[in-house]
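S.K.: Right, I'll just put the structure down here and ask away after.
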Amino acid sequence: TTRHSAKMKLRQFQVIGRRAPTDADPNPPAYRMKLFAANAVLAKSRFWYFMHQMRKMKKTTGEILAVNEITEKNSRIVKNYGVWIRYNSRSGTHNMYKEYRSLTLTNAVEKMYDEMAGRHRARKSSIQIINTGIVPASKCRRTTVTQMHKSTLAFPLPHRVQRAPAKKYRSTFLATRPNTYHG
Amino acid sequence: MVFTRFVEVGRVVMINYGPSAGKLATIVDIVDSNKCLVYGPTTDVPRQVITFRRIALTDLKCNVGRGAKAAALKKAWKADGIEEAWKASSWARKLARKEARKNLGDFDRFKVMVARKQKSKIVAAKMKSMKA
């Protein structure tokens, strides 16, 4: 079966909530979580998912004080993102640290979900993001990321398989064999 | 097989696919083995991550630092004479020729036909004199 729906872009939200104030406890402590979700509704839902795991509060006994979107500070430079996750595999739960090069944190997190699905068959629901952050190049640990840090990085593109510039120029048969060497 | 065109910071590329197709841009940073950050402030290419599948490397390279911004890129582009070097390259001339031929009107096509007949007449006369 083919999917005809576009995947929603992940956004980062800051959700602040607390237990509903009562006469006994008029000013309960507020908690702030930074989450990744497609929209604010899902962010709030995820907030309660985590909060009732970690504290004695749930949607019915609590209130959300604020939901704000966090946008990327500088989306014009490539950065190294570290993502610390906890995920359920078929036989246990494990921690992982993954690194990605990307312009935005949300893009790096999307890559993480795709990679976990591809490499470990872990669905989004089985993954909890513990922490994320920009990692300076000197502290990066993964070779796929550190190999891009060389200041004089240069590589050719050998064996370029051509693709028609637009769908209408595609054809099943070609008169000549394509040339794959372009310098 | 020696490679002379490299994916590197400063390499001028032609974008082949997408909304900026047909425009030149510079590689400003390399994201990973499949994607790079390109930018073309003088050629109306917005700063974006693009896959190598959508670009073609040219012989031209300009001297910019990694992650260069618009001002530095414009300056380097001018200092290294990229626009002039590109226009003089046979690749650009071929593209220009294709564009010119596409935009010929009927009278222009007539003029081209006449010119080709004149050229072939001169060539045939020369061939005949050489054979004799």
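By convention here, the chains of the structure tokens are called A, B, ... in the order presented, each chain's residues are numbered starting at 1, and ligands are numbered starting at 1 in the order presented.
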Excluding Ile64 in chain A and its own-chain neighbours fewer than 6 positions away, which residues fall within 7 Å of it when counting only C-alpha atoms? Please give them as a list in words.
M.R.: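 Skipping anything fewer than 6 positions along the chain leaves Ile16, Gly17 and Arg18 of chain A.
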S.K.: Could you write those residues out with C-alpha atoms, as a compact mmCIF listing (two decimals), in the first residue's frame?
M.R.:
```txt
# COMPACT_ATOMS: atom_id res chain seq x y z
CA ILE A 16 4.42 24.85 31.23
CA GLY A 17 1.91 23.24 33.54
CA ARG A 18 1.15 22.48 37.15
```
S.K.: Using DSSP secondary structure from the backbone, list all strand (DSSP E) positions within range 54-98 of chain A, as number ranges by chain.
M.R.: A: 62-70, 79-89, 92-98
S.K.: Could you save those same residues with N, CA and C atoms as a PDB file, in the first residue's frame?
M.R.:
```pdb
ATOM      1  N   GLY A  62      -4.637  18.684  36.543  1.00  0.00           N
ATOM      2  CA  GLY A  62      -3.662  19.750  36.325  1.00  0.00           C
ATOM      3  C   GLY A  62      -4.165  20.791  35.366  1.00  0.00           C
ATOM      4  N   GLU A  63      -3.325  21.793  35.149  1.00  0.00           N
ATOM      5  CA  GLU A  63      -3.673  22.834  34.190  1.00  0.00           C
ATOM      6  C   GLU A  63      -2.409  23.232  33.437  1.00  0.00           C
ATOM      7  N   ILE A  64      -2.607  23.554  32.166  1.00  0.00           N
ATOM      8  CA  ILE A  64      -1.457  24.008  31.373  1.00  0.00           C
ATOM      9  C   ILE A  64      -1.464  25.523  31.393  1.00  0.00           C
ATOM     10  N   LEU A  65      -0.311  26.084  31.753  1.00  0.00           N
ATOM     11  CA  LEU A  65      -0.234  27.531  31.882  1.00  0.00           C
ATOM     12  C   LEU A  65       0.180  28.198  30.575  1.00  0.00           C
ATOM     13  N   ALA A  66       1.042  27.529  29.819  1.00  0.00           N
ATOM     14  CA  ALA A  66       1.513  28.160  28.583  1.00  0.00           C
ATOM     15  C   ALA A  66       2.029  27.113  27.614  1.00  0.00           C
ATOM     16  N   VAL A  67       1.793  27.375  26.350  1.00  0.00           N
ATOM     17  CA  VAL A  67       2.386  26.573  25.274  1.00  0.00           C
ATOM     18  C   VAL A  67       2.983  27.559  24.292  1.00  0.00           C
ATOM     19  N   ASN A  68       4.297  27.520  24.139  1.00  0.00           N
ATOM     20  CA  ASN A  68       4.956  28.442  23.210  1.00  0.00           C
ATOM     21  C   ASN A  68       5.814  27.656  22.251  1.00  0.00           C
ATOM     22  N   GLU A  69       5.850  28.103  21.015  1.00  0.00           N
ATOM     23  CA  GLU A  69       6.730  27.426  20.073  1.00  0.00           C
ATOM     24  C   GLU A  69       8.139  27.998  20.209  1.00  0.00           C
ATOM     25  N   ILE A  70       9.120  27.113  20.167  1.00  0.00           N
ATOM     26  CA  ILE A  70      10.526  27.538  20.198  1.00  0.00           C
ATOM     27  C   ILE A  70      11.064  27.414  18.777  1.00  0.00           C
ATOM     28  N   LYS A  79      24.872  23.004  11.986  1.00  0.00           N
ATOM     29  CA  LYS A  79      25.334  22.745  13.351  1.00  0.00           C
ATOM     30  C   LYS A  79      25.326  21.236  13.610  1.00  0.00           C
ATOM     31  N   ASN A  80      26.053  20.844  14.654  1.00  0.00           N
ATOM     32  CA  ASN A  80      26.068  19.435  15.061  1.00  0.00           C
ATOM     33  C   ASN A  80      25.140  19.267  16.250  1.00  0.00           C
ATOM     34  N   TYR A  81      24.103  18.457  16.074  1.00  0.00           N
ATOM     35  CA  TYR A  81      23.148  18.263  17.152  1.00  0.00           C
ATOM     36  C   TYR A  81      23.355  16.906  17.800  1.00  0.00           C
ATOM     37  N   GLY A  82      23.358  16.897  19.138  1.00  0.00           N
ATOM     38  CA  GLY A  82      23.386  15.636  19.880  1.00  0.00           C
ATOM     39  C   GLY A  82      22.000  15.382  20.427  1.00  0.00           C
ATOM     40  N   VAL A  83      21.551  14.125  20.304  1.00  0.00           N
ATOM     41  CA  VAL A  83      20.221  13.772  20.803  1.00  0.00           C
ATOM     42  C   VAL A  83      20.393  12.579  21.719  1.00  0.00           C
ATOM     43  N   TRP A  84      19.930  12.743  22.965  1.00  0.00           N
ATOM     44  CA  TRP A  84      20.001  11.633  23.920  1.00  0.00           C
ATOM     45  C   TRP A  84      18.594  11.060  24.024  1.00  0.00           C
ATOM     46  N   ILE A  85      18.469   9.777  23.763  1.00  0.00           N
ATOM     47  CA  ILE A  85      17.136   9.181  23.781  1.00  0.00           C
ATOM     48  C   ILE A  85      17.097   7.924  24.634  1.00  0.00           C
ATOM     49  N   ARG A  86      15.866   7.555  24.954  1.00  0.00           N
ATOM     50  CA  ARG A  86      15.597   6.318  25.675  1.00  0.00           C
ATOM     51  C   ARG A  86      14.520   5.643  24.844  1.00  0.00           C
ATOM     52  N   TYR A  87      14.744   4.385  24.445  1.00  0.00           N
ATOM     53  CA  TYR A  87      13.733   3.764  23.599  1.00  0.00           C
ATOM     54  C   TYR A  87      13.508   2.322  24.007  1.00  0.00           C
ATOM     55  N   ASN A  88      12.316   1.870  23.655  1.00  0.00           N
ATOM     56  CA  ASN A  88      11.957   0.475  23.929  1.00  0.00           C
ATOM     57  C   ASN A  88      12.233  -0.355  22.700  1.00  0.00           C
ATOM     58  N   SER A  89      13.088  -1.354  22.878  1.00  0.00           N
ATOM     59  CA  SER A  89      13.259  -2.327  21.797  1.00  0.00           C
ATOM     60  C   SER A  89      12.339  -3.501  22.117  1.00  0.00           C
ATOM     61  N   GLY A  92      13.788  -4.922  25.607  1.00  0.00           N
ATOM     62  CA  GLY A  92      14.284  -4.142  26.741  1.00  0.00           C
ATOM     63  C   GLY A  92      14.237  -2.673  26.417  1.00  0.00           C
ATOM     64  N   THR A  93      14.624  -1.828  27.385  1.00  0.00           N
ATOM     65  CA  THR A  93      14.683  -0.399  27.052  1.00  0.00           C
ATOM     66  C   THR A  93      16.132   0.083  27.212  1.00  0.00           C
ATOM     67  N   HIS A  94      16.573   0.895  26.260  1.00  0.00           N
ATOM     68  CA  HIS A  94      17.975   1.294  26.203  1.00  0.00           C
ATOM     69  C   HIS A  94      18.109   2.790  26.046  1.00  0.00           C
ATOM     70  N   ASN A  95      19.276   3.296  26.440  1.00  0.00           N
ATOM     71  CA  ASN A  95      19.623   4.694  26.177  1.00  0.00           C
ATOM     72  C   ASN A  95      20.512   4.755  24.958  1.00  0.00           C
ATOM     73  N   MET A  96      20.400   5.875  24.264  1.00  0.00           N
ATOM     74  CA  MET A  96      21.248   6.047  23.089  1.00  0.00           C
ATOM     75  C   MET A  96      21.654   7.499  22.974  1.00  0.00           C
ATOM     76  N   TYR A  97      22.795   7.695  22.383  1.00  0.00           N
ATOM     77  CA  TYR A  97      23.223   9.053  22.057  1.00  0.00           C
ATOM     78  C   TYR A  97      23.472   9.094  20.559  1.00  0.00           C
ATOM     79  N   LYS A  98      22.827  10.021  19.876  1.00  0.00           N
ATOM     80  CA  LYS A  98      22.985  10.102  18.422  1.00  0.00           C
ATOM     81  C   LYS A  98      23.357  11.514  18.033  1.00  0.00           C
TER      82      LYS A  98
END
```
S.K.: Using CA of Arg121 in chain A and CA of Ile50 in chain B as the two end points, give the distance in Å to one decimal.
M.R.: 27.5 Å
S.K.: Taking only C-alpha atoms into account, find every residue of chain B that has an atom no more than 8 Å from chain A, and write it out as a list of chain:residue names.
M.R.: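 On the chain B side, the interface is B:Val2, B:Phe3, B:Thr4, B:Arg5, B:Phe6, B:Val7, B:Glu8, B:Val9, B:Asn16, B:Tyr17, B:Asp29, B:Ile30, B:Val31, B:Asp32, B:Leu37, B:Arg47, B:Gln48, B:Gly67.
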S.K.: Excluding range 74-90 of chain B and residues on its chain fewer than 4 positions from it, collect all residues at most 8 Å away from it, counting only C-alpha atoms, and give them as a list in words.
M.R.: Pro41, Thr42, Leu60, Lys61, Cys62, Asn63, Val64, Ala70 and Lys94 of chain B
S.K.: Could you go through range 19-55 of chain A and tell me which residues DSSP, when run on the backbone, assigns to alpha helix (DSSP H), listing them as a ChimeraX atom specification?
M.R.: /A:40-54
S.K.: Report, in Å to a single decimal, how far apart CA of Glu72 in chain A and CA of Leu35 in chain A are.
M.R.: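 Here the two named atoms are 13.7 Å from each other.
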